[in-house]
file protein_30.txt (compact mmCIF, C-alpha atoms and all ligand atoms)
# COMPACT_ATOMS: atom_id res chain seq x y z
CA MET A 1 0.00 0.00 0.00
CA ASN A 2 1.40 3.39 -1.00
CA CYS A 3 0.92 6.10 1.62
CA PHE A 4 1.85 9.74 1.87
CA ALA A 5 2.52 12.08 4.77
CA GLY A 6 2.05 15.79 5.30
CA ILE A 7 3.86 17.31 8.27
CA ASP A 8 2.94 20.81 9.37
CA ILE A 9 5.55 22.09 11.80
CA GLY A 10 3.82 25.12 13.29
CA SER A 11 5.16 27.53 15.88
CA THR A 12 2.93 25.94 18.52
CA ALA A 13 1.94 22.50 17.31
CA ILE A 14 3.18 19.79 14.96
CA LYS A 15 0.43 18.24 12.87
CA ILE A 16 0.93 15.02 10.90
CA VAL A 17 -1.53 13.45 8.45
CA ILE A 18 -1.04 10.16 6.61
CA ILE A 19 -3.25 9.39 3.61
CA ASN A 20 -3.57 6.55 1.12
CA GLU A 21 -3.87 6.70 -2.67
CA LYS A 22 -7.60 7.36 -2.39
CA LEU A 23 -6.86 10.46 -0.26
CA GLU A 24 -8.40 8.73 2.75
CA ILE A 25 -6.92 9.79 6.08
CA LEU A 26 -5.35 6.72 7.71
CA GLY A 27 -4.25 8.62 10.80
CA SER A 28 -3.32 12.00 12.19
CA LYS A 29 -1.42 13.36 15.15
CA ILE A 30 -1.15 16.69 16.92
CA ALA A 31 1.72 17.35 19.34
CA GLY A 32 3.33 20.41 20.88
CA SER A 33 6.23 21.84 18.83
CA GLY A 34 8.30 22.53 21.94
CA SER A 35 11.79 23.82 21.28
CA MET A 36 13.11 20.81 19.34
CA PHE A 37 10.94 20.85 16.22
CA TYR A 38 12.93 18.24 14.33
CA LYS A 39 13.14 15.76 17.21
CA TYR A 40 9.42 16.02 18.08
CA ALA A 41 8.31 15.83 14.44
CA LYS A 42 10.42 12.69 13.88
CA GLU A 43 9.27 11.04 17.12
CA ASN A 44 5.61 11.79 16.46
CA LEU A 45 5.76 10.50 12.89
CA GLU A 46 7.19 7.22 14.24
CA LEU A 47 4.47 7.08 16.92
CA LEU A 48 1.75 7.67 14.33
CA LEU A 49 3.14 4.94 12.05
CA LYS A 50 3.01 2.57 15.02
CA GLU A 51 -0.52 3.64 15.99
CA ILE A 52 -1.89 2.94 12.52
CA ASP A 53 0.32 -0.13 12.08
CA LEU A 54 2.02 1.13 8.95
CA LYS A 55 5.55 0.25 7.89
CA LYS A 56 7.90 3.12 7.10
CA GLU A 57 8.61 1.70 3.66
CA ASN A 58 4.94 2.19 2.75
CA LEU A 59 5.40 5.91 3.23
CA LYS A 60 6.38 6.85 -0.29
CA TYR A 61 6.64 10.61 -0.10
CA ILE A 62 6.70 13.19 2.70
CA VAL A 63 5.99 16.88 2.30
CA SER A 64 6.69 19.24 5.17
CA THR A 65 5.18 22.66 5.62
CA GLY A 66 4.79 25.34 8.28
CA TYR A 67 7.18 27.58 10.14
CA GLY A 68 9.69 24.78 10.89
CA ARG A 69 9.34 22.89 7.57
CA LYS A 70 12.98 23.28 6.52
CA LEU A 71 14.15 21.57 9.72
CA PHE A 72 12.53 18.26 8.82
CA LYS A 73 15.36 16.60 6.89
CA GLU A 74 13.44 13.43 5.99
CA ALA A 75 10.94 15.40 3.89
CA ASP A 76 11.12 14.77 0.14
CA GLU A 77 9.82 18.27 -0.46
CA THR A 78 8.75 21.38 1.43
CA ILE A 79 5.94 23.79 0.57
CA SER A 80 4.72 27.05 2.05
CA GLU A 81 1.89 26.84 4.56
CA ILE A 82 -0.20 29.14 2.35
CA THR A 83 -0.16 26.63 -0.54
CA ALA A 84 -0.66 23.64 1.79
CA ASN A 85 -3.52 25.37 3.58
CA ALA A 86 -5.23 26.20 0.28
CA ILE A 87 -4.99 22.59 -0.98
CA GLY A 88 -6.14 21.14 2.35
CA ALA A 89 -9.01 23.60 2.73
CA ARG A 90 -10.38 22.97 -0.76
CA TYR A 91 -10.38 19.24 -0.07
CA ALA A 92 -11.55 19.20 3.57
CA GLY A 93 -14.14 21.89 2.88
CA LYS A 94 -15.59 20.58 -0.38
CA GLU A 95 -18.89 19.64 1.28
CA PHE A 96 -19.45 23.39 1.91
CA GLY A 97 -19.06 24.40 -1.75
CA THR A 98 -16.23 26.25 -3.49
CA ILE A 99 -13.88 27.71 -0.90
CA ARG A 100 -12.67 31.13 -2.06
CA THR A 101 -11.56 32.66 1.26
CA ILE A 102 -9.61 31.03 4.08
CA ILE A 103 -9.17 32.50 7.53
CA ASN A 104 -6.44 30.68 9.43
CA LEU A 105 -5.48 31.35 13.02
CA GLY A 106 -2.30 29.69 14.17
CA GLY A 107 -0.36 29.73 17.40
CA GLN A 108 1.59 32.83 16.54
CA ASP A 109 0.14 34.21 13.34
CA SER A 110 -3.11 34.92 11.57
CA LYS A 111 -3.69 34.69 7.83
CA ALA A 112 -6.34 35.37 5.24
CA ILE A 113 -6.03 33.68 1.85
CA SER A 114 -8.02 34.37 -1.27
CA LEU A 115 -8.44 31.63 -3.91
CA ASP A 116 -9.71 31.70 -7.47
CA GLU A 117 -12.38 29.31 -8.82
CA GLU A 118 -9.71 26.66 -9.50
CA GLY A 119 -8.29 26.87 -5.99
CA ASN A 120 -5.14 28.82 -6.87
CA VAL A 121 -3.91 31.32 -4.29
CA VAL A 122 -4.48 34.80 -5.69
CA ASN A 123 -3.76 36.89 -2.62
CA PHE A 124 -2.98 36.59 1.06
CA ALA A 125 -2.52 38.78 4.11
CA MET A 126 -0.66 37.78 7.22
CA ASN A 127 0.02 39.08 10.71
CA ASP A 128 3.02 37.37 12.27
CA ARG A 129 4.54 40.35 14.00
CA CYS A 130 2.50 40.37 17.17
CA ALA A 131 0.46 37.91 19.20
CA ALA A 132 -2.75 39.95 18.99
CA GLY A 133 -5.47 37.93 17.31
CA THR A 134 -3.55 34.65 17.40
CA GLY A 135 -3.71 31.42 19.38
CA LYS A 136 -1.00 32.79 21.65
CA PHE A 137 -3.31 35.62 22.68
CA LEU A 138 -5.97 33.06 23.64
CA ASP A 139 -3.41 30.88 25.45
CA VAL A 140 -2.17 33.86 27.51
CA ALA A 141 -5.73 35.00 28.28
CA ALA A 142 -6.86 31.50 29.31
CA ALA A 143 -3.83 31.13 31.60
CA LYS A 144 -4.60 34.50 33.26
CA LEU A 145 -8.22 33.44 33.75
CA GLU A 146 -7.00 30.09 35.12
CA ILE A 147 -8.96 28.03 32.62
CA GLY A 148 -7.90 25.70 29.82
CA VAL A 149 -7.84 26.98 26.24
CA GLU A 150 -10.30 24.21 25.34
CA GLU A 151 -12.76 25.63 27.92
CA LEU A 152 -12.92 29.10 26.33
CA GLY A 153 -15.86 28.13 24.10
CA GLU A 154 -17.90 26.85 27.03
CA TYR A 155 -17.34 30.07 29.01
CA HIS A 156 -18.21 32.19 25.98
CA PHE A 157 -21.71 30.73 25.80
CA LYS A 158 -22.32 31.39 29.52
CA SER A 159 -21.90 35.13 28.95
CA LYS A 160 -25.17 37.09 28.90
CA GLY A 161 -25.76 40.55 27.52
CA THR A 162 -23.23 42.80 25.84
CA PRO A 163 -19.70 41.36 25.87
CA LEU A 164 -17.10 43.39 27.73
CA PRO A 165 -14.98 45.52 25.44
CA ILE A 166 -11.31 44.53 25.43
CA ASN A 167 -9.47 47.60 24.25
CA SER A 168 -5.87 46.39 24.24
CA THR A 169 -4.83 44.88 20.95
CA CYS A 170 -1.38 43.97 22.28
CA ALA A 171 -1.26 40.63 24.13
CA VAL A 172 0.96 42.11 26.84
CA PHE A 173 -1.41 45.02 27.53
CA ALA A 174 -4.44 42.76 27.21
CA GLU A 175 -3.01 40.67 30.04
CA SER A 176 -3.05 43.69 32.38
CA GLU A 177 -6.51 44.64 31.11
CA ILE A 178 -7.76 41.14 32.02
CA ILE A 179 -6.23 41.43 35.50
CA SER A 180 -7.93 44.77 36.00
CA LEU A 181 -11.31 43.42 34.76
CA LEU A 182 -10.99 40.50 37.18
CA GLY A 183 -10.11 43.00 39.93
CA ASN A 184 -13.33 44.86 39.13
CA GLU A 185 -15.22 41.60 39.68
CA HIS A 186 -16.25 41.05 36.10
CA LYS A 187 -17.19 37.46 35.37
CA VAL A 188 -14.72 35.17 33.58
CA GLU A 189 -17.34 34.36 30.91
CA ASP A 190 -17.90 38.03 30.09
CA ILE A 191 -14.15 38.62 29.77
CA VAL A 192 -13.82 35.53 27.53
CA ALA A 193 -16.65 36.73 25.26
CA GLY A 194 -15.00 40.18 25.11
CA ILE A 195 -11.70 38.60 24.04
CA HIS A 196 -13.43 36.56 21.34
CA TYR A 197 -15.22 39.59 19.88
CA SER A 198 -12.00 41.61 19.95
CA ILE A 199 -10.11 38.84 18.05
CA ALA A 200 -13.06 38.44 15.66
CA LYS A 201 -12.98 42.14 14.70
CA ARG A 202 -9.23 41.98 14.15
CA ILE A 203 -9.30 38.86 11.97
CA ILE A 204 -12.18 40.22 9.87
CA ARG A 205 -10.16 43.39 9.23
CA LEU A 206 -7.31 41.18 7.96
CA ALA A 207 -9.68 39.05 5.84
CA LYS A 208 -11.20 42.15 4.23
CA LYS A 209 -7.76 42.96 2.83
CA VAL A 210 -8.01 39.91 0.54
CA GLY A 211 -11.78 40.07 0.05
CA LEU A 212 -14.58 37.96 1.47
CA ASN A 213 -15.79 35.81 -1.43
CA ASP A 214 -18.22 32.89 -1.55
CA VAL A 215 -17.65 30.27 1.14
CA ILE A 216 -15.45 31.50 3.99
CA TYR A 217 -13.47 28.68 5.50
CA PHE A 218 -11.98 28.93 8.99
CA ASP A 219 -9.21 26.66 10.26
CA GLY A 220 -6.19 26.35 12.55
CA GLY A 221 -6.25 25.31 16.23
CA PRO A 222 -8.37 28.28 17.42
CA ALA A 223 -11.17 27.16 15.05
CA LEU A 224 -11.81 24.42 17.65
CA ASN A 225 -13.06 27.20 19.93
CA LYS A 226 -16.83 27.38 19.29
CA GLY A 227 -17.11 30.69 21.15
CA LEU A 228 -14.61 32.33 18.83
CA VAL A 229 -16.43 30.85 15.84
CA GLU A 230 -19.69 32.37 17.09
CA ALA A 231 -18.04 35.77 17.57
CA ILE A 232 -16.56 35.78 14.04
CA GLU A 233 -19.85 34.66 12.50
CA PHE A 234 -21.72 37.37 14.41
CA GLU A 235 -19.29 40.11 13.34
CA LEU A 236 -19.28 38.85 9.74
CA GLY A 237 -23.03 38.34 9.60
CA ARG A 238 -22.28 35.07 7.78
CA ARG A 239 -21.70 31.43 8.60
CA LEU A 240 -18.19 30.00 8.40
CA ALA A 241 -17.28 26.67 6.87
CA ILE A 242 -15.34 24.68 9.46
CA PRO A 243 -14.10 21.13 8.86
CA LYS A 244 -14.37 18.40 11.51
CA ASN A 245 -10.70 18.65 12.42
CA PRO A 246 -9.68 22.24 11.62
CA GLN A 247 -6.17 22.01 13.10
CA ILE A 248 -4.89 19.44 10.59
CA THR A 249 -6.00 21.00 7.29
CA THR A 250 -2.59 22.37 6.36
CA ALA A 251 -0.93 19.00 7.07
CA LEU A 252 -3.64 17.33 4.98
CA GLY A 253 -2.85 19.73 2.12
CA ALA A 254 0.83 18.77 2.36
CA ALA A 255 -0.11 15.05 2.30
CA ILE A 256 -2.25 15.56 -0.82
CA LEU A 257 0.65 17.34 -2.48
CA ALA A 258 2.96 14.46 -1.44
CA LYS A 259 0.69 12.01 -3.26
CA GLU A 260 0.56 14.18 -6.39
CA ALA A 261 4.34 14.72 -6.38
CA TYR A 262 4.97 10.96 -6.01
CA GLU A 263 2.65 10.14 -8.91
CA GLU A 264 4.47 12.64 -11.10
CA LEU A 265 7.91 11.10 -10.41
P1 LIG B 301 0.54 26.61 14.60
O1 LIG B 301 0.30 25.88 13.28
O2 LIG B 301 0.94 28.04 14.42
O3 LIG B 301 1.44 25.85 15.51
P2 LIG B 301 -2.18 25.74 15.37
O4 LIG B 301 -3.03 25.94 14.16
O5 LIG B 301 -1.76 24.35 15.66
O6 LIG B 301 -0.90 26.71 15.32
O7 LIG B 301 -2.97 26.37 16.60
C1 LIG B 301 -2.44 26.40 17.90
C2 LIG B 301 -3.43 27.13 18.79
O8 LIG B 301 -4.69 26.46 18.76
C3 LIG B 301 -3.06 27.16 20.25
O9 LIG B 301 -2.24 28.28 20.52
C4 LIG B 301 -4.41 27.24 20.96
O10 LIG B 301 -4.76 28.59 21.22
C5 LIG B 301 -5.41 26.71 19.93
N1 LIG B 301 -6.03 25.42 20.34
C6 LIG B 301 -5.48 24.19 20.28
N2 LIG B 301 -6.32 23.24 20.72
C7 LIG B 301 -7.46 23.90 21.08
C8 LIG B 301 -8.74 23.50 21.62
N3 LIG B 301 -9.02 22.21 21.89
N4 LIG B 301 -9.65 24.46 21.86
C9 LIG B 301 -9.40 25.75 21.59
N5 LIG B 301 -8.23 26.20 21.08
C10 LIG B 301 -7.28 25.29 20.82
call {"tool": "encode", "arguments": {"input": "protein_30.txt", "output": "C-alpha cells", "more": "lines below"}}
Ligand code: ADP
result
Amino acid sequence: MNCFAGIDIGSTAIKIVIINEKLEILGSKIAGSGSMFYKYAKENLELLLKEIDLKKENLKYIVSTGYGRKLFKEADETISEITANAIGARYAGKEFGTIRTIINLGGQDSKAISLDEEGNVVNFAMNDRCAAGTGKFLDVAAAKLEIGVEELGEYHFKSKGTPLPINSTCAVFAESEIISLLGNEHKVEDIVAGIHYSIAKRIIRLAKKVGLNDVIYFDGGPALNKGLVEAIEFELGRRLAIPKNPQITTALGAAILAKEAYEEL
C-alpha cells in the first residue's frame, strides 16, 4: 500500500496526516512543537506509524510545511503553509461548496487567503509580528483566567448581555486589562466573550484585505473554539465553513501534495 505524509511544523503544534492513494486519512497526530521541532516531528511521525500499524517503507513521499518545515530533513519536499492550507481547505471543505476565502489562526500568526475558482492562491494577508489575534493571545488570556484553552468556548456561551470591550490589541497590555477586569469583579465568561469579539474584529479586518468571497473557511487550532467561531460569525453576519478537524487542514494539504508529487515522479 502506498501512503503519503504531510507534516505541518507550526510555531505551537506539529500536525501530521497520513493518507492513502484514495486520499483517505489513515491517521493524524497533533503534538506540541516545543523547542526541538525536528526531534518532536520525527518522534511523532514514528508514533503515528506505530498507531496505525504502517511500515515506514509504505510511506512513499513526505511533504513538510509550516514555520519549521525546513528543519525536517526526511521530507522529500517542502511547501509554504499558504499553498498547503489552500490545498487542504479545498479538499476538507468541499462539502461546503467552493472555498474562495480562508481564515487561518495559528499559534503565533493569523492569515487570510483568497483563492480563485480553480483553488489557486491569488492573494494573502498575514500578521506574524504580534500575538494579537492569534492562538498565543488566547493561550495567555486563558492562563490569566486560570482556565484551559479548550474551555474558552464553554465560558463564551455562559456570557449574557453585551460582551465586555477589550481595548488592548497587544497581548501584553491585554493581560493587564484582564487582570484589571478581574479585579473589578467582572465574570470570567464576560471577559472571555469580550476577548473573542476583539479577536473576531481583528481577523475580519485582515480578511477584508483579501476580500470575502463565496464560502469562507476557517481553520487552525483556534477554530476548535466554538465561542470564537460564534463571535466571528456574528461580526461577519455570515456562517463559516469549518471542517471536523480544523487544526490538521494544512498538514492534509501537504499530504495531498505528497501524493501528487509521487505520482508525477
Ligand atoms: P501553529 O500551526 O501556528 O502551531 P495551530 O493551528 O496548531 O498553530 O494552533 C495552535 C493554537 O490552537 C493554540 O495556541 C491554541 O490557542 C489553539 N487550540 C489548540 N487546541 C485547542 C482547543 N481544543 N480548543 C481551543 N483552542 C485550541
call {"tool": "residues_near_ligand", "arguments": {"input": "protein_30.txt", "ligand": "ligand LIG 301 (chain B)", "cutoff": "10 Å", "atoms": "only C-alpha atoms and all ligand atoms", "output": "PyMOL selection string"}}
result
chain A and resi 8-15+30-34+65-68+81+104-110+128+134-142+148-153+219-228+246-251
call {"tool": "residues_near_point", "arguments": {"input": "protein_30.txt", "point": "(6.3, 8.0, 10.6)", "cutoff": "9 Å", "atoms": "all atoms listed in the file", "output": "CSV table (one decimal) with C-alpha atoms, keeping the file's coordinate frame"}}
result
chain,number,residue,atom,x,y,z
A,5,ALA,CA,2.5,12.1,4.8
A,16,ILE,CA,0.9,15.0,10.9
A,18,ILE,CA,-1.0,10.2,6.6
A,41,ALA,CA,8.3,15.8,14.4
A,42,LYS,CA,10.4,12.7,13.9
A,43,GLU,CA,9.3,11.0,17.1
A,44,ASN,CA,5.6,11.8,16.5
A,45,LEU,CA,5.8,10.5,12.9
A,46,GLU,CA,7.2,7.2,14.2
A,47,LEU,CA,4.5,7.1,16.9
A,48,LEU,CA,1.8,7.7,14.3
A,49,LEU,CA,3.1,4.9,12.0
A,50,LYS,CA,3.0,2.6,15.0
A,54,LEU,CA,2.0,1.1,9.0
A,55,LYS,CA,5.6,0.2,7.9
A,56,LYS,CA,7.9,3.1,7.1
A,59,LEU,CA,5.4,5.9,3.2
call {"tool": "atom_distance", "arguments": {"input": "protein_30.txt", "atom1": "CA of Tyr262 in chain A", "atom2": "CA of Glu118 in chain A"}}
result
21.8 Å
call {"tool": "atom_distance", "arguments": {"input": "protein_30.txt", "atom1": "CA of Leu236 in chain A", "atom2": "CA of Ile179 in chain A"}}
result
29.0 Å
call {"tool": "atom_distance", "arguments": {"input": "protein_30.txt", "atom1": "CA of Ser80 in chain A", "atom2": "CA of Ile242 in chain A"}}
result
21.5 Å
call {"tool": "closest_residue", "arguments": {"input": "protein_30.txt", "among": "A:Arg129, A:Lys73, A:Lys22, A:Lys201", "to": "Ala255 in chain A", "atoms": "only C-alpha atoms"}}
result
A:Lys22
call {"tool": "closest_residue", "arguments": {"input": "protein_30.txt", "among": "A:Phe124, A:Gly237, A:Lys94, A:Ala75", "to": "Lys209 in chain A", "atoms": "all atoms listed in the file"}}
result
A:Phe124
call {"tool": "closest_residue", "arguments": {"input": "protein_30.txt", "among": "A:Ser159, A:Ser28, A:Thr78, A:Asn58", "to": "Ala258 in chain A", "atoms": "all atoms listed in the file"}}
result
A:Thr78
call {"tool": "closest_residue", "arguments": {"input": "protein_30.txt", "among": "A:Glu51, A:Glu117, A:Glu77, A:Glu235", "to": "Arg205 in chain A", "atoms": "all atoms listed in the file"}}
result
A:Glu235
call {"tool": "residues_around", "arguments": {"input": "protein_30.txt", "residues": "range 168-178 of chain A", "least_positions_apart": "4", "cutoff": "9 Å", "atoms": "all atoms listed in the file", "output": "list in words"}}
result
Cys130, Ala131, Ala132, Gly133, Lys136, Phe137, Leu138, Val140, Ala141, Lys144, Leu145, Leu182, Gly183, Ile191, Ile195, Ser198, Ile199 and Arg202 of chain A
call {"tool": "closest_residue", "arguments": {"input": "protein_30.txt", "among": "A:Asn20, A:Ala125, A:Ile87, A:Glu74", "to": "Ile103 in chain A", "atoms": "all atoms listed in the file"}}
result
A:Ala125
call {"tool": "closest_residue", "arguments": {"input": "protein_30.txt", "among": "A:Leu257, A:Met1, A:Ile204, A:Leu71", "to": "Leu240 in chain A", "atoms": "all atoms listed in the file"}}
result
A:Ile204
call {"tool": "residues_near_point", "arguments": {"input": "protein_30.txt", "point": "(-11.6, 19.5, 4.1)", "cutoff": "9 Å", "atoms": "only C-alpha atoms", "output": "list in words"}}
result
Ile87, Gly88, Ala89, Arg90, Tyr91, Ala92, Gly93, Lys94, Glu95, Ile242, Pro243, Lys244, Asn245, Pro246, Thr249, Leu252 and Gly253 of chain A
call {"tool": "residues_around", "arguments": {"input": "protein_30.txt", "residues": "Arg239 in chain A", "least_positions_apart": "6", "cutoff": "9 Å", "atoms": "only C-alpha atoms", "output": "list in words"}}
result
Val215, Ile216, Val229, Glu230, Ile232 and Glu233 of chain A
call {"tool": "decode", "arguments": {"input": "protein_30.txt", "residues": "range 87-146 of chain A", "atoms": "C-alpha atoms", "output": "tab-separated table (two decimals), in the first residue's frame"}}
result
chain	number	residue	atom	x	y	z
A	87	ILE	CA	-4.99	22.59	-0.98
A	88	GLY	CA	-6.14	21.14	2.35
A	89	ALA	CA	-9.01	23.60	2.73
A	90	ARG	CA	-10.38	22.97	-0.76
A	91	TYR	CA	-10.38	19.24	-0.07
A	92	ALA	CA	-11.55	19.20	3.57
A	93	GLY	CA	-14.14	21.89	2.88
A	94	LYS	CA	-15.59	20.58	-0.38
A	95	GLU	CA	-18.89	19.64	1.28
A	96	PHE	CA	-19.45	23.39	1.91
A	97	GLY	CA	-19.06	24.40	-1.75
A	98	THR	CA	-16.23	26.25	-3.49
A	99	ILE	CA	-13.88	27.71	-0.90
A	100	ARG	CA	-12.67	31.13	-2.06
A	101	THR	CA	-11.56	32.66	1.26
A	102	ILE	CA	-9.61	31.03	4.08
A	103	ILE	CA	-9.17	32.50	7.53
A	104	ASN	CA	-6.44	30.68	9.43
A	105	LEU	CA	-5.48	31.35	13.02
A	106	GLY	CA	-2.30	29.69	14.17
A	107	GLY	CA	-0.36	29.73	17.40
A	108	GLN	CA	1.59	32.83	16.54
A	109	ASP	CA	0.14	34.21	13.34
A	110	SER	CA	-3.11	34.92	11.57
A	111	LYS	CA	-3.69	34.69	7.83
A	112	ALA	CA	-6.34	35.37	5.24
A	113	ILE	CA	-6.03	33.68	1.85
A	114	SER	CA	-8.02	34.37	-1.27
A	115	LEU	CA	-8.44	31.63	-3.91
A	116	ASP	CA	-9.71	31.70	-7.47
A	117	GLU	CA	-12.38	29.31	-8.82
A	118	GLU	CA	-9.71	26.66	-9.50
A	119	GLY	CA	-8.29	26.87	-5.99
A	120	ASN	CA	-5.14	28.82	-6.87
A	121	VAL	CA	-3.91	31.32	-4.29
A	122	VAL	CA	-4.48	34.80	-5.69
A	123	ASN	CA	-3.76	36.89	-2.62
A	124	PHE	CA	-2.98	36.59	1.06
A	125	ALA	CA	-2.52	38.78	4.11
A	126	MET	CA	-0.66	37.78	7.22
A	127	ASN	CA	0.02	39.08	10.71
A	128	ASP	CA	3.02	37.37	12.27
A	129	ARG	CA	4.54	40.35	14.00
A	130	CYS	CA	2.50	40.37	17.17
A	131	ALA	CA	0.46	37.91	19.20
A	132	ALA	CA	-2.75	39.95	18.99
A	133	GLY	CA	-5.47	37.93	17.31
A	134	THR	CA	-3.55	34.65	17.40
A	135	GLY	CA	-3.71	31.42	19.38
A	136	LYS	CA	-1.00	32.79	21.65
A	137	PHE	CA	-3.31	35.62	22.68
A	138	LEU	CA	-5.97	33.06	23.64
A	139	ASP	CA	-3.41	30.88	25.45
A	140	VAL	CA	-2.17	33.86	27.51
A	141	ALA	CA	-5.73	35.00	28.28
A	142	ALA	CA	-6.86	31.50	29.31
A	143	ALA	CA	-3.83	31.13	31.60
A	144	LYS	CA	-4.60	34.50	33.26
A	145	LEU	CA	-8.22	33.44	33.75
A	146	GLU	CA	-7.00	30.09	35.12
